[in-house]
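Reproduced below: work-v1.txt, with compact mmCIF, C-alpha atoms.
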```txt
# COMPACT_ATOMS: atom_id res chain seq x y z
CA MET A 2 -105.30 -13.88 64.75
CA LYS A 3 -108.86 -12.99 65.66
CA TYR A 4 -111.82 -15.29 66.10
CA ALA A 5 -115.57 -15.05 66.62
CA LEU A 6 -117.20 -17.26 69.24
CA ASP A 7 -120.74 -18.62 69.57
CA SER A 8 -122.62 -17.18 72.54
CA GLY A 9 -123.41 -20.79 73.50
CA ILE A 10 -119.70 -21.44 74.14
CA GLN A 11 -118.61 -20.11 77.51
CA LYS A 12 -115.89 -17.64 78.39
CA LYS A 13 -115.60 -16.87 82.08
CA GLY A 14 -117.49 -13.71 82.97
CA ASP A 15 -119.24 -13.38 79.62
CA LYS A 16 -122.97 -13.71 79.17
CA VAL A 17 -124.32 -16.96 77.75
CA ASP A 18 -127.09 -16.78 75.21
CA ALA A 19 -127.72 -20.22 73.84
CA TYR A 20 -130.53 -19.43 71.43
CA GLU A 21 -132.85 -22.13 72.62
CA VAL A 22 -132.82 -21.33 76.30
CA GLN A 23 -132.68 -17.55 76.14
CA LYS A 24 -134.68 -16.35 79.09
CA THR A 25 -133.63 -19.03 81.50
CA LEU A 26 -130.01 -17.91 81.13
CA GLU A 27 -130.71 -14.19 81.36
CA GLY A 28 -128.23 -12.73 83.79
CA TYR A 29 -126.10 -15.88 83.72
CA HIS A 30 -122.40 -15.17 83.45
CA ALA A 31 -120.16 -18.09 82.60
CA PRO A 32 -118.28 -19.40 85.66
CA ILE A 33 -115.89 -21.35 83.42
CA THR A 34 -114.03 -21.01 80.14
CA ALA A 35 -114.48 -23.54 77.34
CA THR A 36 -111.44 -25.64 76.46
CA VAL A 37 -111.40 -24.26 72.90
CA VAL A 38 -111.25 -20.71 74.24
CA LYS A 39 -108.45 -21.59 76.70
CA ARG A 40 -106.41 -23.11 73.88
CA LEU A 41 -106.95 -20.10 71.63
CA GLU A 42 -105.99 -17.74 74.46
CA GLU A 43 -102.80 -19.73 75.07
CA ALA A 44 -102.03 -19.47 71.35
CA GLY A 45 -102.42 -15.69 71.53
CA ALA A 46 -105.61 -15.53 69.45
CA GLU A 47 -107.86 -12.59 70.18
CA LEU A 48 -111.63 -12.78 70.66
CA ALA A 49 -113.21 -10.45 68.09
CA GLN A 50 -116.82 -11.04 69.15
CA HIS A 51 -118.94 -13.38 71.24
CA ALA A 52 -122.30 -13.54 69.45
CA GLY A 53 -124.81 -15.66 67.58
CA TYR A 54 -123.66 -17.77 64.65
CA GLU A 55 -125.12 -15.55 61.95
CA ALA A 56 -123.34 -12.48 63.32
CA ASN A 57 -120.16 -14.53 63.67
CA MET A 58 -120.22 -15.65 60.05
CA VAL A 59 -120.72 -12.05 58.96
CA ALA A 60 -117.70 -11.05 61.07
CA VAL A 61 -115.59 -13.63 59.23
CA GLU A 62 -116.97 -12.58 55.87
CA LYS A 63 -116.07 -8.95 56.61
CA GLY A 64 -112.58 -9.86 57.75
CA MET A 65 -113.13 -8.89 61.40
CA ALA A 66 -112.26 -12.45 62.40
CA THR A 67 -110.20 -15.15 60.70
CA PHE A 68 -112.54 -17.90 61.79
CA ALA A 69 -115.69 -18.51 63.82
CA LEU A 70 -116.54 -21.33 66.23
CA ASN A 71 -120.20 -22.23 66.47
CA THR A 72 -122.30 -24.89 68.14
CA ASP A 73 -123.56 -27.48 65.69
CA VAL A 74 -126.08 -30.23 66.34
CA GLY A 75 -127.28 -31.06 62.83
CA GLY A 76 -125.00 -29.42 60.29
CA GLU A 77 -125.84 -25.77 61.06
CA VAL A 78 -122.30 -25.02 59.86
CA MET A 79 -123.56 -25.65 56.32
CA ALA A 80 -124.93 -22.08 56.42
CA ALA A 81 -121.31 -21.00 55.83
CA ALA A 82 -121.87 -21.29 52.08
CA GLU A 83 -124.63 -18.67 52.21
CA ASN A 84 -122.03 -16.29 53.61
CA GLY A 85 -119.41 -17.18 51.02
CA LEU A 86 -117.37 -19.17 53.56
CA TYR A 87 -115.99 -22.66 54.06
CA GLY A 88 -117.39 -24.63 56.98
CA LEU A 89 -116.28 -27.76 58.83
CA ARG A 90 -118.38 -29.87 61.13
CA PRO A 91 -115.61 -32.00 62.68
CA SER A 92 -115.48 -35.72 63.42
CA TYR A 93 -117.29 -36.54 66.64
CA GLY A 94 -114.61 -36.32 69.29
CA ALA A 95 -112.15 -34.09 67.38
CA ILE A 96 -112.86 -30.94 69.40
CA SER A 97 -113.62 -30.75 73.12
CA ARG A 98 -117.12 -29.51 73.90
CA TYR A 99 -116.27 -28.60 77.48
CA GLY A 100 -117.86 -25.21 78.16
CA MET A 101 -120.38 -25.46 75.35
CA ILE A 102 -124.09 -25.45 76.21
CA ALA A 103 -125.21 -29.04 75.60
CA SER A 104 -128.34 -29.98 73.69
CA ALA A 105 -128.01 -33.36 71.91
CA SER A 106 -124.87 -34.82 73.42
CA SER A 107 -124.29 -37.66 70.94
CA MET A 108 -124.31 -35.14 68.06
CA ASP A 109 -123.21 -31.82 69.61
CA ALA A 110 -120.07 -30.47 67.98
CA ILE A 111 -118.19 -27.23 67.52
CA GLY A 112 -118.18 -26.20 63.87
CA VAL A 113 -115.52 -23.96 62.30
CA THR A 114 -116.09 -21.46 59.48
CA ALA A 115 -113.51 -19.38 57.62
CA LYS A 116 -112.72 -17.85 54.23
CA THR A 117 -110.28 -20.62 53.33
CA PRO A 118 -109.84 -24.30 54.23
CA GLU A 119 -106.30 -23.39 55.36
CA ASP A 120 -107.71 -21.05 58.01
CA ILE A 121 -110.01 -23.80 59.28
CA ARG A 122 -107.05 -26.14 59.38
CA GLU A 123 -105.05 -23.64 61.41
CA ALA A 124 -107.93 -23.24 63.88
CA LEU A 125 -108.32 -27.00 64.17
CA MET A 126 -104.61 -27.44 64.89
CA LEU A 127 -104.98 -25.06 67.82
CA ILE A 128 -108.19 -26.38 69.37
CA ALA A 129 -108.35 -30.13 68.62
CA GLY A 130 -106.97 -32.87 70.83
CA PRO A 131 -107.64 -34.73 74.10
CA ASP A 132 -109.15 -32.89 77.02
CA GLY A 133 -109.62 -34.21 80.52
CA MET A 134 -112.94 -32.33 80.62
CA ASP A 135 -114.51 -34.08 77.60
CA SER A 136 -113.77 -37.78 77.55
CA THR A 137 -115.12 -38.28 74.01
CA VAL A 138 -112.11 -36.50 72.47
CA PHE A 139 -109.60 -38.72 70.65
CA ASP A 140 -105.89 -38.06 70.25
CA ASP A 141 -105.04 -39.20 66.72
CA LEU A 142 -106.55 -36.54 64.48
CA ALA A 143 -103.34 -35.95 62.55
CA THR A 144 -102.98 -39.59 61.57
CA GLY A 145 -106.07 -39.62 59.34
CA ALA A 146 -105.90 -40.46 55.63
CA LYS A 147 -103.25 -38.65 53.54
CA SER A 148 -104.62 -35.92 51.32
CA GLY A 149 -102.65 -36.43 48.11
CA SER A 150 -104.33 -39.56 46.87
CA MET A 151 -107.85 -39.07 48.11
CA ARG A 152 -110.58 -40.38 45.87
CA VAL A 153 -114.03 -38.83 45.75
CA ARG A 154 -117.36 -40.23 44.69
CA GLU A 155 -120.86 -38.80 44.53
CA LEU A 156 -123.13 -40.10 47.27
CA GLU A 157 -126.51 -40.72 45.69
CA LEU A 158 -129.22 -39.98 48.20
CA ASP A 159 -132.83 -40.34 47.17
CA GLU A 160 -135.57 -38.35 48.85
CA VAL A 161 -136.53 -41.23 51.11
CA ARG A 162 -133.00 -41.64 52.50
CA VAL A 163 -132.66 -37.91 53.13
CA LYS A 164 -136.06 -37.82 54.83
CA THR A 165 -135.26 -40.92 56.89
CA ALA A 166 -132.01 -39.40 58.14
CA GLU A 167 -133.77 -36.15 59.03
CA VAL A 168 -136.45 -37.95 61.01
CA ALA A 169 -133.93 -40.16 62.84
CA HIS A 170 -131.94 -37.03 63.69
CA MET A 171 -135.08 -35.25 64.92
CA VAL A 172 -136.09 -38.13 67.20
CA ILE A 173 -132.62 -38.61 68.70
CA ARG A 174 -132.14 -34.86 69.09
CA ALA A 175 -135.48 -34.56 70.89
CA ALA A 176 -134.71 -37.37 73.34
CA GLU A 177 -131.23 -36.05 74.16
CA THR A 178 -132.38 -32.43 74.37
CA ALA A 179 -135.19 -33.31 76.76
CA SER A 180 -132.58 -34.95 78.96
CA SER A 181 -130.00 -32.12 78.66
CA TYR A 182 -132.53 -29.40 79.39
CA TYR A 183 -133.65 -30.98 82.63
CA ARG A 184 -130.87 -28.93 84.22
CA TYR A 185 -132.91 -25.75 83.65
CA ASP A 186 -134.95 -26.16 86.79
CA GLY A 187 -134.46 -22.73 88.39
CA ILE A 188 -132.66 -24.05 91.46
CA ARG A 189 -128.90 -23.42 91.24
CA PHE A 190 -128.84 -21.07 88.26
CA GLY A 191 -131.12 -19.61 85.61
CA HIS A 192 -134.57 -18.14 85.78
CA ARG A 193 -136.71 -18.90 88.83
CA ALA A 194 -140.47 -18.25 88.89
CA LYS A 195 -141.62 -15.93 91.66
CA ASP A 196 -144.97 -17.30 92.82
CA ALA A 197 -144.43 -21.06 93.12
CA LYS A 198 -146.44 -22.97 95.71
CA SER A 199 -144.34 -26.13 95.90
CA LEU A 200 -141.04 -27.47 94.59
CA LYS A 201 -142.72 -29.20 91.64
CA ASP A 202 -144.67 -26.01 90.91
CA LEU A 203 -141.36 -24.11 91.00
CA TYR A 204 -139.84 -26.44 88.39
CA ASN A 205 -142.95 -26.32 86.18
CA LYS A 206 -143.29 -22.54 86.27
CA SER A 207 -139.59 -21.67 86.07
CA ARG A 208 -139.18 -23.87 83.01
CA ALA A 209 -142.40 -22.58 81.45
CA GLU A 210 -141.26 -18.98 81.87
CA GLY A 211 -137.60 -19.50 81.06
CA LEU A 212 -137.53 -21.83 78.08
CA THR A 213 -138.44 -20.78 74.54
CA GLU A 214 -141.35 -22.30 72.65
CA ASP A 215 -138.84 -24.11 70.45
CA SER A 216 -137.12 -25.68 73.47
CA LYS A 217 -140.45 -26.72 74.95
CA LYS A 218 -141.35 -28.49 71.73
CA TRP A 219 -138.07 -30.43 71.73
CA ILE A 220 -138.53 -31.34 75.39
CA LEU A 221 -142.14 -32.49 74.99
CA PHE A 222 -141.40 -34.50 71.87
CA GLY A 223 -138.28 -35.94 73.52
CA THR A 224 -140.33 -37.01 76.52
CA TYR A 225 -142.86 -38.55 74.12
CA VAL A 226 -140.27 -40.66 72.26
CA LEU A 227 -138.78 -41.78 75.58
CA LEU A 228 -142.07 -43.05 77.03
CA GLY A 229 -142.11 -46.78 77.68
CA GLU A 230 -144.93 -47.36 75.21
CA ASN A 231 -143.21 -45.32 72.45
CA ILE A 232 -139.49 -45.87 72.89
CA GLU A 233 -139.26 -48.95 70.68
CA ARG A 234 -141.27 -47.43 67.81
CA CYS A 235 -139.56 -44.01 68.06
CA LEU A 236 -136.17 -43.70 69.75
CA ILE A 237 -134.78 -47.21 69.40
CA LYS A 238 -136.05 -47.33 65.82
CA ALA A 239 -134.23 -44.03 65.11
CA GLN A 240 -131.06 -45.41 66.71
CA LYS A 241 -131.29 -48.51 64.52
CA VAL A 242 -131.73 -46.32 61.46
CA ARG A 243 -128.65 -44.43 62.66
CA THR A 244 -126.73 -47.72 62.60
CA MET A 245 -127.98 -48.41 59.07
CA ILE A 246 -126.80 -44.97 57.92
CA ILE A 247 -123.37 -45.48 59.50
CA GLU A 248 -123.03 -48.92 57.90
CA ALA A 249 -124.18 -47.62 54.50
CA LEU A 250 -121.56 -44.86 54.65
CA GLU A 251 -118.84 -47.30 55.69
CA LYS A 252 -119.71 -49.48 52.73
CA GLU A 253 -119.60 -46.50 50.36
CA MET A 254 -116.20 -45.53 51.73
CA VAL A 255 -114.46 -48.86 51.26
CA THR A 256 -113.27 -47.76 47.82
CA THR A 257 -113.17 -44.00 48.32
CA GLU A 258 -111.99 -41.55 50.97
CA VAL A 259 -114.44 -38.73 50.26
CA LEU A 260 -118.13 -38.63 49.40
CA SER A 261 -119.68 -35.58 47.77
CA GLY A 262 -123.35 -34.73 47.67
CA SER A 263 -126.07 -32.53 49.07
CA ASP A 264 -127.96 -32.55 52.39
CA LEU A 265 -124.94 -34.12 54.09
CA GLY A 266 -125.02 -32.13 57.35
CA VAL A 267 -127.56 -34.27 59.19
CA ILE A 268 -126.05 -37.50 57.88
CA ALA A 269 -122.57 -36.47 59.04
CA ALA A 270 -123.97 -35.53 62.45
CA LEU A 271 -125.66 -38.93 62.85
CA ALA A 272 -122.54 -40.81 61.76
CA GLY A 273 -120.02 -38.59 63.59
CA LEU A 274 -118.11 -38.03 60.35
CA PRO A 275 -116.39 -34.78 59.31
CA VAL A 276 -118.16 -32.75 56.64
CA VAL A 277 -116.92 -29.67 54.76
CA ILE A 278 -118.95 -27.20 52.73
CA THR A 279 -117.39 -24.82 50.19
CA PRO A 280 -118.58 -21.27 49.40
CA GLU A 281 -120.07 -22.74 46.19
CA GLY A 282 -122.17 -25.06 48.34
CA LYS A 283 -120.29 -28.27 47.48
CA GLN A 284 -120.36 -30.74 50.37
CA TYR A 285 -117.82 -33.44 51.23
CA ILE A 286 -117.89 -36.11 53.91
CA GLY A 287 -114.65 -37.76 54.97
CA LYS A 288 -113.77 -40.77 57.08
CA ARG A 289 -113.71 -40.43 60.83
CA LYS A 290 -110.65 -38.54 62.09
CA SER A 291 -109.66 -37.53 58.55
CA ASP A 292 -110.64 -33.87 59.14
CA LEU A 293 -107.23 -32.44 58.27
CA ALA A 294 -106.90 -34.54 55.13
CA LEU A 295 -110.43 -33.59 54.10
CA LEU A 296 -109.57 -29.90 54.46
CA GLN A 297 -106.42 -30.46 52.40
CA PHE A 298 -108.50 -32.24 49.77
CA VAL A 299 -110.85 -29.26 49.56
CA ALA A 300 -107.88 -26.87 49.40
CA ASP A 301 -106.41 -28.89 46.52
CA MET A 302 -109.73 -28.72 44.68
CA LYS A 303 -109.64 -24.95 45.07
CA GLU A 304 -106.07 -24.81 43.64
CA ALA A 305 -107.00 -27.02 40.73
CA LYS A 306 -109.82 -24.72 39.64
CA MET B 12 -150.62 -41.04 65.01
CA ILE B 13 -152.50 -38.03 66.39
CA ILE B 14 -151.63 -37.03 69.94
CA ALA B 15 -154.56 -36.18 72.24
CA GLU B 16 -154.73 -33.21 74.59
CA GLU B 17 -154.59 -35.48 77.68
CA GLU B 18 -151.37 -36.95 76.29
CA ILE B 19 -149.86 -33.44 76.05
CA GLU B 20 -150.86 -32.79 79.65
CA ARG B 21 -149.15 -35.98 80.75
CA LEU B 22 -146.01 -35.11 78.77
CA ALA B 23 -146.00 -31.60 80.25
CA GLU B 24 -146.21 -33.02 83.76
CA LEU B 25 -143.38 -35.49 83.07
CA SER B 26 -141.32 -32.69 81.48
CA SER B 27 -141.96 -30.30 84.38
CA LEU B 28 -143.55 -27.66 82.19
CA SER B 29 -146.66 -25.61 82.90
CA LEU B 30 -148.46 -25.01 79.62
CA THR B 31 -151.16 -22.51 78.73
CA SER B 32 -154.20 -23.81 76.84
CA THR B 33 -152.91 -22.11 73.68
CA GLU B 34 -149.57 -23.87 74.08
CA LYS B 35 -151.28 -27.22 74.67
CA GLU B 36 -153.13 -26.94 71.40
CA GLN B 37 -150.05 -25.67 69.55
CA PHE B 38 -147.82 -28.49 70.85
CA ARG B 39 -150.56 -31.07 70.29
CA GLN B 40 -150.53 -30.14 66.60
CA GLU B 41 -146.74 -29.90 66.32
CA LEU B 42 -146.10 -33.18 68.11
CA SER B 43 -148.78 -34.96 66.09
CA GLU B 44 -147.02 -33.80 62.95
CA ALA B 45 -143.58 -34.84 64.23
CA ASN B 46 -145.06 -38.18 65.23
CA GLN B 47 -146.39 -38.72 61.72
CA HIS B 48 -142.85 -38.30 60.39
CA VAL B 49 -141.75 -41.17 62.63
CA ASP B 50 -143.80 -43.43 60.36
CA TYR B 51 -141.10 -42.94 57.73
CA LEU B 52 -138.72 -44.84 59.97
CA ASN B 53 -141.11 -47.69 60.47
CA GLU B 54 -141.19 -48.36 56.75
CA LEU B 55 -137.57 -49.51 57.02
CA ASP B 56 -136.75 -53.06 57.97
CA THR B 57 -134.38 -52.89 60.94
CA ASP B 58 -134.63 -56.53 62.01
CA GLY B 59 -131.36 -57.65 63.55
CA VAL B 60 -129.89 -54.11 63.51
CA GLU B 61 -128.33 -52.91 66.77
CA PRO B 62 -129.19 -49.37 67.89
CA THR B 63 -126.37 -46.78 67.96
CA TYR B 64 -126.28 -44.73 71.16
CA GLN B 65 -123.05 -42.87 70.56
CA VAL B 66 -120.49 -42.70 67.77
CA GLY B 67 -117.26 -42.25 69.71
CA ASP B 68 -115.06 -45.33 69.71
CA LEU B 69 -113.47 -44.65 73.07
CA GLU B 70 -114.22 -46.87 76.03
CA ASN B 71 -113.28 -46.56 79.66
CA VAL B 72 -111.35 -43.33 79.46
CA TRP B 73 -109.36 -43.29 82.71
CA ARG B 74 -107.77 -40.46 84.62
CA PRO B 75 -105.74 -40.43 87.81
CA ASP B 76 -107.89 -40.17 90.91
CA GLU B 77 -106.45 -36.83 91.91
CA VAL B 78 -108.00 -33.60 93.09
CA VAL B 79 -107.71 -30.99 90.35
CA GLU B 80 -108.09 -27.26 90.92
CA PHE B 81 -111.41 -26.18 89.40
CA GLU B 82 -111.63 -22.78 87.76
CA ALA B 83 -115.07 -21.87 89.13
CA LYS B 84 -114.96 -20.82 92.77
CA ARG B 85 -117.76 -21.24 95.27
CA ASP B 86 -118.64 -17.56 95.13
CA ASP B 87 -118.81 -17.59 91.31
CA LEU B 88 -121.32 -20.42 91.42
CA LEU B 89 -123.37 -19.03 94.29
CA ALA B 90 -123.62 -15.73 92.42
CA LEU B 91 -125.53 -17.58 89.68
CA ALA B 92 -128.20 -18.92 92.02
CA PRO B 93 -131.57 -17.12 91.95
CA GLU B 94 -131.60 -16.94 95.78
CA THR B 95 -128.91 -17.53 98.38
CA GLU B 96 -128.54 -17.23 102.12
CA ASP B 97 -125.42 -17.81 104.26
CA ASN B 98 -123.42 -19.22 101.33
CA GLN B 99 -126.17 -21.68 100.46
CA VAL B 100 -128.66 -21.93 97.63
CA LYS B 101 -132.09 -21.07 98.97
CA VAL B 102 -135.06 -23.12 97.80
CA PRO B 103 -138.74 -23.14 98.78
CA ARG B 104 -139.80 -25.32 101.68
CA VAL B 105 -139.92 -28.96 100.56
CA LEU B 106 -141.34 -30.71 103.62
```
Could you take the file, read its structure, and then write that structure out as structure tokens?
Amino acid sequence: MKYALDSGIQKKGDKVDAYEVQKTLEGYHAPITATVVKRLEEAGAELAQHAGYEANMVAVEKGMATFALNTDVGGEVMAAAENGLYGLRPSYGAISRYGMIASASSMDAIGVTAKTPEDIREALMLIAGPDGMDSTVFDDLATGAKSGSMRVRELELDEVRVKTAEVAHMVIRAAETASSYYRYDGIRFGHRAKDAKSLKDLYNKSRAEGLTEDSKKWILFGTYVLLGENIERCLIKAQKVRTMIIEALEKEMVTTEVLSGSDLGVIAALAGLPVVITPEGKQYIGKRKSDLALLQFVADMKEAK
Amino acid sequence: MIIAEEEIERLAELSSLSLTSTEKEQFRQELSEANQHVDYLNELDTDGVEPTYQVGDLENVWRPDEVVEFEAKRDDLLALAPETEDNQVKVPRVL
């Protein structure tokens, strides 16, 4: 079995090219191997390529890899459909993120894409499960809801709810990214500016030269929403909206196991729920830890067609 | 709410980022726009709602207090530093 790996997930000795921090990690070679990679190596899986997520999806589409693992902060895995693939953004805590370049820690996940839900399931069976290096990982993935009798209902999302979720996601992502990216200071690793006059000047210049414009925007906006005078109106408000979204989903799922709909990537990321997209672009959210059952549900839908 | 240029300068200082004047203007516009989107949130009534900081349900994950062999060796990590001397990371004079 071959797999494609995101360049933001580390394999000892390989280059790291997390797209948002490109220059700062030029010349950086991973000193560690991600837990997912270790588990795949132990299972005898072979690394087909270590590249960006678009290239990885193409590799799967062309049959060069059975599945791809990619970093996912807000449902990026949903792009699988554009490549004729299935994609899973797992429950928060299903897959260890140890060795993955962190951006928004409360939403960072490793997404899986493949040609069939069965292939994603197989990948998940190999890589999921507790890891001493990522304490958010739970150990009862397999005990989620049974697939046979899963009910599905359309989740009606009006424009305002979609927009609200996107904004809450943006604010939380900014705050967490600003915090995560503080590590790119040019001291122990990464790009260091040449002509700094003081330590503070070294930080300022190294970060200015090393980080991309996109990263700088996230950092500045994150710092803005974290300021004492803004935190209540911005970050805490977004975190309260996050609670409302989680509670609304829980209420919807009292009488159903699966919700279908569109624009579900960001919502799933905020709520930590698993979401699957089909090559036709159909999206399904399942209950927390029901990843395997959700994949089975999608496989059954495929059979029934 | 529009963000002023002085505000961007303050944010840049707090974020440890040197910005060019072009960047300041660019980020002033982009952040002002992002900030306007935040108004969407403030149309919602969140009275009495607790904020969610993380969605994992695990608490106090314990492990034995034992030394574990770490895969990265000192030399691997030192090799990543921009400057080293005598097995130490070299930094500009601080004091």
So what do you get for CA of Leu212 in chain A versus CA of Ala272 in chain A, distance-wise?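 Computing the Euclidean distance for CA of Leu212 in chain A and CA of Ala272 in chain A yields 29.2 Å.
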Counting only C-alpha atoms, which residues in chain A sit no more than 7 Å from chain B? For each one, give the nearest pair of atoms and the distance in Å, sorted by chain then residue number, as CSV.
```
residue,atom,partner,partner_atom,distance
A:Tyr29,CA,B:Leu91,CA,6.2
A:Pro32,CA,B:Ala83,CA,5.3
A:Ile33,CA,B:Ala83,CA,5.8
A:Tyr93,CA,B:Gly67,CA,6.5
A:Gly94,CA,B:Gly67,CA,6.5
A:Ser107,CA,B:Gln65,CA,5.4
A:Ser136,CA,B:Val72,CA,6.3
A:Thr137,CA,B:Gly67,CA,6.2
A:Thr165,CA,B:Leu52,CA,6.1
A:Val168,CA,B:Val49,CA,6.4
A:Ile188,CA,B:Ala92,CA,6.8
A:Arg189,CA,B:Ala92,CA,4.6
A:Phe190,CA,B:Ala92,CA,4.4
A:Gly191,CA,B:Pro93,CA,6.8
A:His192,CA,B:Pro93,CA,6.9
A:Arg193,CA,B:Pro93,CA,6.3
A:Ser199,CA,B:Pro103,CA,7.0
A:Leu200,CA,B:Val105,CA,6.3
A:Tyr204,CA,B:Ser27,CA,6.0
A:Asn205,CA,B:Leu28,CA,4.3
A:Lys206,CA,B:Ser29,CA,5.7
A:Arg208,CA,B:Leu28,CA,5.8
A:Ala209,CA,B:Leu28,CA,5.3
A:Lys218,CA,B:Phe38,CA,6.5
A:Ile220,CA,B:Ser26,CA,6.8
A:Leu221,CA,B:Leu22,CA,6.0
A:Phe222,CA,B:Leu42,CA,6.2
A:Thr224,CA,B:Leu22,CA,6.4
A:Tyr225,CA,B:Leu22,CA,6.6
A:Cys235,CA,B:Val49,CA,6.5
A:Ile237,CA,B:Pro62,CA,6.2
A:Lys238,CA,B:Leu52,CA,6.9
A:Ala239,CA,B:Leu52,CA,6.9
A:Gln240,CA,B:Pro62,CA,4.5
A:Lys241,CA,B:Pro62,CA,4.1
A:Arg243,CA,B:Thr63,CA,6.2
A:Thr244,CA,B:Thr63,CA,5.5
A:Ala272,CA,B:Val66,CA,6.6
A:Gly273,CA,B:Val66,CA,5.9
```
Could you tell me which of A:Val38, A:Leu48, A:Ile128, A:Met171 comes closest to Ala5 in chain A if we count all atoms listed in the file?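 Selected residue with least distance to Ala5 in chain A: A:Leu48.
Take the candidates A:Val74, A:Ala166, A:Ala69, A:Val267 and check each one against Ser8 in chain A using all atoms listed in the file; the shortest distance goes to A:Ala69.
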Which polymer residues, protein or nucleic acid, are no farther than 12 Å from (-123.1, -34.0, 82.8), counting all atoms listed in the file, as a PDB file with C-alpha atoms, in the coordinates of the input?
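New file result-v2.pdb:
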```pdb
ATOM      1  CA  ARG A  98    -117.120 -29.510  73.900  1.00  0.00           C
ATOM      2  CA  TYR A  99    -116.270 -28.600  77.480  1.00  0.00           C
ATOM      3  CA  GLY A 100    -117.860 -25.210  78.160  1.00  0.00           C
ATOM      4  CA  MET A 101    -120.380 -25.460  75.350  1.00  0.00           C
ATOM      5  CA  ILE A 102    -124.090 -25.450  76.210  1.00  0.00           C
ATOM      6  CA  ALA A 103    -125.210 -29.040  75.600  1.00  0.00           C
ATOM      7  CA  SER A 104    -128.340 -29.980  73.690  1.00  0.00           C
ATOM      8  CA  ALA A 105    -128.010 -33.360  71.910  1.00  0.00           C
ATOM      9  CA  SER A 106    -124.870 -34.820  73.420  1.00  0.00           C
ATOM     10  CA  MET A 134    -112.940 -32.330  80.620  1.00  0.00           C
ATOM     11  CA  ASP A 135    -114.510 -34.080  77.600  1.00  0.00           C
ATOM     12  CA  SER A 136    -113.770 -37.780  77.550  1.00  0.00           C
ATOM     13  CA  SER A 180    -132.580 -34.950  78.960  1.00  0.00           C
ATOM     14  CA  SER A 181    -130.000 -32.120  78.660  1.00  0.00           C
ATOM     15  CA  TYR A 182    -132.530 -29.400  79.390  1.00  0.00           C
ATOM     16  CA  TYR A 183    -133.650 -30.980  82.630  1.00  0.00           C
ATOM     17  CA  ARG A 184    -130.870 -28.930  84.220  1.00  0.00           C
TER      18      ARG A 184
END
```
Identify, on the basis of all atoms listed in the file, every residue whose closest approach to Gln23 in chain A does not exceed 12 Å; exclude the query and any residue fewer than 2 positions from it along the same chain; express the result as JSON, numbers by chain. {"A": [8, 9, 16, 17, 18, 19, 20, 21, 25, 26, 27, 28, 29, 53, 102, 185, 191, 192, 208, 210, 211, 212, 213, 214, 215, 216]}
Separation of CA of Ile10 in chain A and CA of Val299 in chain A, in Å?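 These atoms are spaced 27.3 Å apart.
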In Å to one decimal, how far is CA of Leu293 in chain A from CA of Gly133 in chain A?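 CA of Leu293 in chain A lies at a distance of 22.4 Å from CA of Gly133 in chain A.
Distances to Glu55 in chain A were evaluated for A:Thr67, A:Thr114, A:Ser97, A:Ser291 using all atoms listed in the file, and the minimum falls at A:Thr114.
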Measuring between all atoms listed in the file, which one of A:Gly282, A:Gly76, A:Gly64, A:Pro275 shows the shortest distance to Ala294 in chain A?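 The shortest atom-to-atom distance to Ala294 in chain A comes from A:Pro275.
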